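Trainee: This is the content of model-v2.cif (mmCIF, C-alpha atoms and all ligand atoms):
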```cif
data_upload
#
loop_
_atom_site.group_PDB
_atom_site.id
_atom_site.type_symbol
_atom_site.label_atom_id
_atom_site.label_comp_id
_atom_site.auth_asym_id
_atom_site.auth_seq_id
_atom_site.Cartn_x
_atom_site.Cartn_y
_atom_site.Cartn_z
ATOM 1 C CA MET Y 6 -12.480 8.886 -8.962
ATOM 2 C CA HIS Y 7 -10.201 11.108 -10.995
ATOM 3 C CA SER Y 8 -6.955 12.292 -9.490
ATOM 4 C CA VAL Y 9 -7.236 15.896 -10.723
ATOM 5 C CA ASP Y 10 -9.166 16.977 -7.636
ATOM 6 C CA VAL Y 11 -6.539 15.704 -5.176
ATOM 7 C CA ILE Y 12 -3.179 16.904 -6.477
ATOM 8 C CA THR Y 13 -3.210 20.644 -5.838
ATOM 9 C CA ALA Y 14 -3.921 20.974 -2.113
ATOM 10 C CA PRO Y 15 -1.095 20.308 0.397
ATOM 11 C CA PRO Y 16 -1.396 16.869 2.011
ATOM 12 C CA ALA Y 17 -4.164 16.810 4.603
ATOM 13 C CA GLU Y 18 -3.226 15.708 8.122
ATOM 14 C CA GLY Y 19 -3.158 11.911 8.144
ATOM 15 C CA ALA Y 20 -3.423 11.623 4.357
ATOM 16 C CA LEU Y 21 -1.586 8.976 2.388
ATOM 17 C CA VAL Y 22 0.844 10.537 -0.114
ATOM 18 C CA LEU Y 23 2.036 8.743 -3.260
ATOM 19 C CA SER Y 24 5.111 10.495 -4.614
ATOM 20 C CA GLY Y 25 8.469 10.098 -6.331
ATOM 21 C CA ARG Y 26 8.813 8.631 -9.813
ATOM 22 C CA LEU Y 27 5.125 8.664 -10.709
ATOM 23 C CA GLN Y 28 3.391 10.746 -13.361
ATOM 24 C CA ARG Y 29 1.631 12.746 -10.638
ATOM 25 C CA SER Y 30 1.573 12.798 -6.861
ATOM 26 C CA LEU Y 31 -1.583 11.880 -4.991
ATOM 27 C CA SER Y 32 -2.648 12.825 -1.487
ATOM 28 C CA LEU Y 33 -5.558 10.726 -0.273
ATOM 29 C CA ASP Y 34 -7.422 10.860 3.011
ATOM 30 C CA LEU Y 35 -9.640 7.976 4.141
ATOM 31 C CA ALA Y 36 -12.733 9.426 2.445
ATOM 32 C CA GLN Y 37 -10.845 9.713 -0.854
ATOM 33 C CA LEU Y 38 -9.475 6.160 -0.544
ATOM 34 C CA LYS Y 39 -13.053 4.922 -0.174
ATOM 35 C CA ARG Y 40 -14.002 6.363 -3.573
ATOM 36 C CA TYR Y 41 -11.831 3.839 -5.404
ATOM 37 C CA GLU Y 42 -13.047 0.361 -6.290
ATOM 38 C CA SER Y 43 -12.671 -1.771 -3.165
ATOM 39 C CA VAL Y 44 -11.946 -5.434 -2.556
ATOM 40 C CA VAL Y 45 -12.409 -7.609 0.525
ATOM 41 C CA ALA Y 46 -9.543 -9.781 1.761
ATOM 42 C CA LYS Y 47 -9.656 -13.137 3.502
ATOM 43 C CA PRO Y 48 -9.284 -13.254 7.299
ATOM 44 C CA PHE Y 49 -5.775 -14.125 8.396
ATOM 45 C CA ASP Y 50 -3.518 -14.598 11.400
ATOM 46 C CA LEU Y 51 -0.985 -11.879 12.072
ATOM 47 C CA ARG Y 52 2.375 -13.514 12.844
ATOM 48 C CA CYS Y 53 5.633 -11.687 13.445
ATOM 49 C CA TYR Y 54 8.529 -12.652 11.153
ATOM 50 C CA THR Y 55 11.200 -11.990 13.771
ATOM 51 C CA THR Y 56 9.693 -14.048 16.578
ATOM 52 C CA ASP Y 57 7.346 -16.319 14.539
ATOM 53 C CA CYS Y 58 4.804 -15.519 17.279
ATOM 54 C CA PHE Y 59 1.064 -15.347 16.712
ATOM 55 C CA ILE Y 60 -0.162 -11.797 17.370
ATOM 56 C CA ARG Y 61 -3.900 -11.974 16.648
ATOM 57 C CA SER Y 62 -6.512 -13.087 14.118
ATOM 58 C CA VAL Y 63 -7.689 -10.351 11.776
ATOM 59 C CA GLU Y 64 -11.187 -10.234 10.290
ATOM 60 C CA PRO Y 65 -11.580 -9.513 6.573
ATOM 61 C CA TYR Y 66 -10.224 -6.148 5.522
ATOM 62 C CA ARG Y 67 -11.836 -3.968 2.898
ATOM 63 C CA GLY Y 68 -9.650 -1.579 0.994
ATOM 64 C CA VAL Y 69 -8.257 -0.456 -2.323
ATOM 65 C CA ARG Y 70 -5.523 -2.407 -4.080
ATOM 66 C CA LEU Y 71 -2.146 -0.657 -4.062
ATOM 67 C CA THR Y 72 -1.951 -1.371 -7.810
ATOM 68 C CA THR Y 73 -5.162 0.643 -8.331
ATOM 69 C CA LEU Y 74 -3.632 3.688 -6.606
ATOM 70 C CA LEU Y 75 -0.319 3.364 -8.464
ATOM 71 C CA THR Y 76 -2.103 3.049 -11.791
ATOM 72 C CA ASP Y 77 -4.074 6.204 -10.995
ATOM 73 C CA ALA Y 78 -0.854 8.070 -10.142
ATOM 74 C CA GLY Y 79 0.700 6.748 -13.368
ATOM 75 C CA LEU Y 80 3.787 4.526 -13.530
ATOM 76 C CA PRO Y 81 7.011 6.108 -14.829
ATOM 77 C CA ASN Y 82 7.606 5.603 -18.542
ATOM 78 C CA ASP Y 83 9.867 8.527 -19.619
ATOM 79 C CA VAL Y 84 12.286 5.828 -20.695
ATOM 80 C CA PRO Y 85 10.077 3.170 -22.285
ATOM 81 C CA GLY Y 86 9.692 0.190 -19.947
ATOM 82 C CA GLU Y 87 11.424 1.824 -16.985
ATOM 83 C CA PHE Y 88 8.345 1.152 -14.857
ATOM 84 C CA LYS Y 89 9.559 -2.453 -14.680
ATOM 85 C CA ARG Y 90 12.580 -1.232 -12.682
ATOM 86 C CA THR Y 91 10.433 0.588 -10.132
ATOM 87 C CA VAL Y 92 10.417 -0.266 -6.447
ATOM 88 C CA PHE Y 93 7.879 1.149 -4.032
ATOM 89 C CA VAL Y 94 8.894 2.132 -0.522
ATOM 90 C CA ALA Y 95 5.954 2.192 1.869
ATOM 91 C CA VAL Y 96 6.421 4.269 5.029
ATOM 92 C CA GLY Y 97 4.328 4.255 8.194
ATOM 93 C CA HIS Y 98 3.655 7.401 10.247
ATOM 94 C CA ASP Y 99 6.432 6.258 12.616
ATOM 95 C CA GLY Y 100 9.018 5.820 9.853
ATOM 96 C CA TYR Y 101 8.587 2.036 9.614
ATOM 97 C CA VAL Y 102 9.520 0.994 6.053
ATOM 98 C CA VAL Y 103 8.642 -1.948 3.794
ATOM 99 C CA THR Y 104 9.296 -2.488 0.082
ATOM 100 C CA PHE Y 105 7.489 -3.810 -2.986
ATOM 101 C CA SER Y 106 8.722 -4.190 -6.548
ATOM 102 C CA TRP Y 107 6.822 -3.476 -9.758
ATOM 103 C CA HIS Y 108 7.142 -7.148 -10.725
ATOM 104 C CA GLU Y 109 5.818 -8.335 -7.425
ATOM 105 C CA LEU Y 110 2.780 -6.048 -7.574
ATOM 106 C CA PHE Y 111 1.942 -6.184 -11.272
ATOM 107 C CA ASN Y 112 3.514 -9.425 -12.512
ATOM 108 C CA THR Y 113 2.956 -11.981 -9.743
ATOM 109 C CA PRO Y 114 -0.141 -13.162 -7.840
ATOM 110 C CA VAL Y 115 1.078 -11.265 -4.744
ATOM 111 C CA GLY Y 116 -0.060 -7.895 -6.084
ATOM 112 C CA GLU Y 117 -3.748 -8.622 -6.182
ATOM 113 C CA HIS Y 118 -3.661 -9.165 -2.380
ATOM 114 C CA VAL Y 119 -1.849 -5.948 -1.442
ATOM 115 C CA LEU Y 120 -4.465 -3.608 -0.006
ATOM 116 C CA VAL Y 121 -4.664 -0.217 1.606
ATOM 117 C CA ALA Y 122 -7.382 -1.091 4.105
ATOM 118 C CA TYR Y 123 -9.877 1.179 5.853
ATOM 119 C CA GLU Y 124 -12.485 -1.322 7.096
ATOM 120 C CA CYS Y 125 -12.200 -4.577 9.078
ATOM 121 C CA GLY Y 126 -14.969 -7.108 9.645
ATOM 122 C CA GLY Y 127 -17.465 -4.591 8.234
ATOM 123 C CA ARG Y 128 -16.422 -1.841 10.674
ATOM 124 C CA ALA Y 129 -14.782 1.399 9.581
ATOM 125 C CA LEU Y 130 -11.213 1.886 10.855
ATOM 126 C CA ASP Y 131 -9.914 5.280 11.918
ATOM 127 C CA ALA Y 132 -6.383 6.512 12.566
ATOM 128 C CA GLU Y 133 -6.524 5.213 16.136
ATOM 129 C CA ASP Y 134 -7.209 1.731 14.763
ATOM 130 C CA GLY Y 135 -4.189 2.155 12.483
ATOM 131 C CA ALA Y 136 -5.968 3.193 9.278
ATOM 132 C CA PRO Y 137 -5.015 3.261 6.550
ATOM 133 C CA ILE Y 138 -3.351 -0.140 6.949
ATOM 134 C CA LEU Y 139 -1.182 -1.480 4.152
ATOM 135 C CA PHE Y 140 -1.043 -5.227 4.114
ATOM 136 C CA SER Y 141 0.107 -7.937 1.787
ATOM 137 C CA GLY Y 142 -2.390 -10.777 2.068
ATOM 138 C CA ALA Y 143 -0.308 -13.380 0.241
ATOM 139 C CA ASP Y 144 2.773 -13.082 2.465
ATOM 140 C CA ILE Y 145 3.874 -16.201 4.393
ATOM 141 C CA LEU Y 146 4.237 -14.169 7.597
ATOM 142 C CA PRO Y 147 1.945 -11.167 7.258
ATOM 143 C CA ALA Y 148 2.992 -8.929 10.172
ATOM 144 C CA PRO Y 149 6.016 -7.219 8.585
ATOM 145 C CA ARG Y 150 4.043 -5.931 5.604
ATOM 146 C CA HIS Y 151 1.059 -5.009 7.769
ATOM 147 C CA VAL Y 152 1.902 -1.328 8.106
ATOM 148 C CA LYS Y 153 -0.224 0.622 10.531
ATOM 149 C CA ARG Y 154 -0.959 4.237 9.640
ATOM 150 C CA LEU Y 155 0.543 4.114 6.197
ATOM 151 C CA ALA Y 156 1.757 7.648 5.430
ATOM 152 C CA ARG Y 157 3.714 7.475 2.141
ATOM 153 C CA ILE Y 158 4.388 5.390 -0.921
ATOM 154 C CA GLU Y 159 7.570 6.507 -2.707
ATOM 155 C CA ALA Y 160 8.330 5.234 -6.204
ATOM 156 C CA HIS Y 161 12.012 4.827 -7.150
ATOM 157 C CA VAL Y 162 13.317 3.698 -10.540
ATOM 158 C CA LEU Y 163 16.428 1.560 -9.906
ATOM 159 C CA ARG Y 164 19.491 1.186 -12.093
ATOM 160 C CA ALA Y 165 22.512 -1.059 -11.710
ATOM 161 C CA SER Y 166 25.508 0.496 -9.970
ATOM 162 C CA THR Y 167 28.469 1.061 -12.287
HETATM 163 N N1 LIG E 201 3.562 1.544 11.420
HETATM 164 C C1 LIG E 201 4.096 0.361 11.838
HETATM 165 N N2 LIG E 201 3.497 -0.789 11.456
HETATM 166 C C2 LIG E 201 4.024 -1.978 11.830
HETATM 167 C C3 LIG E 201 5.233 -2.048 12.568
HETATM 168 C C4 LIG E 201 5.821 -0.810 12.968
HETATM 169 O O1 LIG E 201 6.866 -0.765 13.654
HETATM 170 N N3 LIG E 201 5.226 0.371 12.573
HETATM 171 N N4 LIG E 201 5.779 -3.268 12.909
HETATM 172 C C5 LIG E 201 5.321 -4.441 12.143
HETATM 173 C C6 LIG E 201 5.709 -5.686 12.779
HETATM 174 S S1 LIG E 201 7.280 -6.255 12.489
HETATM 175 C C7 LIG E 201 4.841 -6.379 13.585
HETATM 176 S S2 LIG E 201 5.282 -7.856 14.304
HETATM 177 C C8 LIG E 201 3.467 -5.895 13.831
HETATM 178 C C9 LIG E 201 3.171 -5.792 15.300
HETATM 179 O O2 LIG E 201 1.810 -5.610 15.424
HETATM 180 P P1 LIG E 201 1.175 -5.031 16.756
HETATM 181 O O3 LIG E 201 1.919 -3.743 17.087
HETATM 182 O O4 LIG E 201 -0.259 -4.775 16.410
HETATM 183 O O5 LIG E 201 1.344 -6.058 17.809
HETATM 184 O O6 LIG E 201 3.219 -4.628 13.237
HETATM 185 C C10 LIG E 201 3.802 -4.409 11.968
HETATM 186 N N5 LIG E 201 3.381 -3.123 11.462
HETATM 187 MO MO MO E 202 7.485 -8.286 13.566
#
```
Translate the structure of the given file into structure tokens.
Mentor:
Amino acid sequence: MHSVDVITAPPAEGALVLSGRLQRSLSLDLAQLKRYESVVAKPFDLRCYTTDCFIRSVEPYRGVRLTTLLTDAGLPNDVPGEFKRTVFVAVGHDGYVVTFSWHELFNTPVGEHVLVAYECGGRALDAEDGAPILFSGADILPAPRHVKRLARIEAHVLRAST
């Protein structure tokens, strides 16, 4: 899918918006997410970091890698190499926030397991099920970066404070 057809309209209700320091903003509803190449994750147990409690077992998710979406939006490169200083802030519909770094996503094995999921165990997920769900399949305790109803990905290029 090419991004040209998704940048002009205002974000649709429930769409995922990628914005900030990217070459273009994207607004993607579930149907548009499904047009990207998908991958299927391994089943896993959701465990909370704070309590270390088991929440539930999750069947395999299908979704698009976050790196695929960020590559489509275009990483910042106005200053050559500045994309390596980018952090990505992922925000749920309720304001819940988690972070990723460019290195983590593009330069470690973690990135290949970070999905924006819209299907679980072969069944389509809708907003009531929490779709789209951002999750990081290589995390030790997966619940914190298992963001229900992912609403936004903001890209920020960091610099050292002076
Ligand atoms: N949108 C959103 N997703 C979220 C959270 C949240 O507050 N908002 N909390 C996270 C944390 S810390 C945990 S432990 C689990 C809780 O999952 P549950 O609500 O399905 O039990 O959701 C994760 N995903
Ligand atoms: Mo948690």
Trainee: Taking every listed atom of ligand LIG 201 (chain E) and adding 4 Å to each side, what centre and edge lengths in Å (one decimal) does the axis-aligned box have, as JSON?
Mentor:
```
{"center_x": 3.5, "center_y": -3.2, "center_z": 14.6, "size_x": 15.5, "size_y": 17.4, "size_z": 14.4}
```
Trainee: Can you write out as a Markdown table which residues of chain Y fall within 7 Å of ligand LIG 201 (chain E), alongside each residue's closest atom pair and its distance in Å to one decimal, counting all atoms listed in the file and ordering rows by chain and ascending residue number?
Mentor:
```
| residue | atom | partner | partner_atom | distance |
| --- | --- | --- | --- | --- |
| Y:Arg52 | CA | E:LIG201 | S2 | 6.5 |
| Y:Cys53 | CA | E:LIG201 | S2 | 3.9 |
| Y:Tyr54 | CA | E:LIG201 | S2 | 6.6 |
| Y:Ile60 | CA | E:LIG201 | O5 | 5.9 |
| Y:Gly97 | CA | E:LIG201 | N1 | 4.3 |
| Y:His98 | CA | E:LIG201 | N1 | 6.0 |
| Y:Asp99 | CA | E:LIG201 | N1 | 5.6 |
| Y:Tyr101 | CA | E:LIG201 | N3 | 4.8 |
| Y:Ala148 | CA | E:LIG201 | C7 | 4.6 |
| Y:Pro149 | CA | E:LIG201 | S1 | 4.2 |
| Y:Arg150 | CA | E:LIG201 | N5 | 6.5 |
| Y:His151 | CA | E:LIG201 | N5 | 4.8 |
| Y:Val152 | CA | E:LIG201 | N2 | 3.7 |
| Y:Lys153 | CA | E:LIG201 | N1 | 4.0 |
| Y:Arg154 | CA | E:LIG201 | N1 | 5.6 |
| Y:Leu155 | CA | E:LIG201 | N1 | 6.6 |
```
Trainee: Considering all atoms listed in the file, return as a ChimeraX atom specification whatever protein or nucleic-acid residues lie within 8 Å of Val63 in chain Y, sequence-local ones (same chain, fewer than 6 positions apart) excluded.
Mentor: /Y:48-51,125
Trainee: Excluding Asp131 in chain Y and its own-chain neighbours fewer than 2 positions away, which residues fall within 12 Å of it when counting only C-alpha atoms? Please give them as a ChimeraX atom specification.
Mentor: /Y:19-20,34-36,122-125,128-129,133-138,153-155
Trainee: Take CA of Pro114 in chain Y and CA of Val22 in chain Y and report the distance between them in Å, one decimal.
Mentor: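 According to the coordinates, CA of Pro114 in chain Y and CA of Val22 in chain Y are separated by 24.9 Å.
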Trainee: Which neighbours of range 69-79 of chain Y fall inside 8 Å, counting only C-alpha atoms, when residues of the same chain fewer than 3 positions from it are skipped, and could you give them as a list in words?
Mentor: His7, Ser8, Leu23, Leu27, Gln28, Arg29, Ser30, Leu31, Leu38, Lys39, Tyr41, Glu42, Ser43, Val44, Leu110, Phe111, Gly116, Glu117, His118, Val119, Leu120, Val121 and Ala122 of chain Y
Trainee: Here is a test: counting only C-alpha atoms, which residue of Y:Glu159, Y:Thr167, Y:Lys47, Y:Phe140 is nearest to Ser106 in chain Y?
Mentor: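 Checking each of Y:Glu159, Y:Thr167, Y:Lys47, Y:Phe140 against Ser106 in chain Y, counting only C-alpha atoms, the winner is Y:Glu159.
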Trainee: From the options Y:Ser24, Y:Thr104, Y:Thr55, Y:Asn112, which residue's atoms come nearest to Pro81 in chain Y, counting all atoms listed in the file?
Mentor: Y:Ser24
Trainee: Would you work out the distance separating CA of Thr113 in chain Y from CA of Cys58 in chain Y, expressed in Å to one decimal?
Mentor: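 CA of Cys58 in chain Y lies at a distance of 27.3 Å from CA of Thr113 in chain Y.
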Trainee: Quote the spacing between CA of Asp144 in chain Y and CA of Phe59 in chain Y in Å to one decimal place.
Mentor: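 Taking CA of Asp144 in chain Y as the start and CA of Phe59 in chain Y as the end point, the length is 14.5 Å.
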Trainee: Go through Y:Glu18, Y:Thr56, Y:Leu33, Y:Ala156 and flag the residue nearest ligand MO 202 (chain E), using all atoms listed in the file for the distances.
Mentor: Y:Thr56
Trainee: Of the residues Y:Leu80, Y:Val92, Y:Leu21, Y:Leu146, which is the one nearest to ligand MO 202 (chain E), using only C-alpha atoms and all ligand atoms?
Mentor: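 The shortest atom-to-atom distance to ligand MO 202 (chain E) comes from Y:Leu146.
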Trainee: Considering all atoms listed in the file, can you say which of Y:Ala46, Y:Ile158, Y:Leu163, Y:Val103 comes closest to ligand MO 202 (chain E)?
Mentor: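 Result for the nearest residue to ligand MO 202 (chain E): Y:Val103.
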Trainee: Choose the residue, out of Y:Pro65, Y:Leu130, Y:Asp57, Y:Ser141, that has the smallest atom-to-atom separation from ligand MO 202 (chain E); count only C-alpha atoms and all ligand atoms.
Mentor: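 Once distances to ligand MO 202 (chain E) are computed over only C-alpha atoms and all ligand atoms, the minimum belongs to Y:Asp57.
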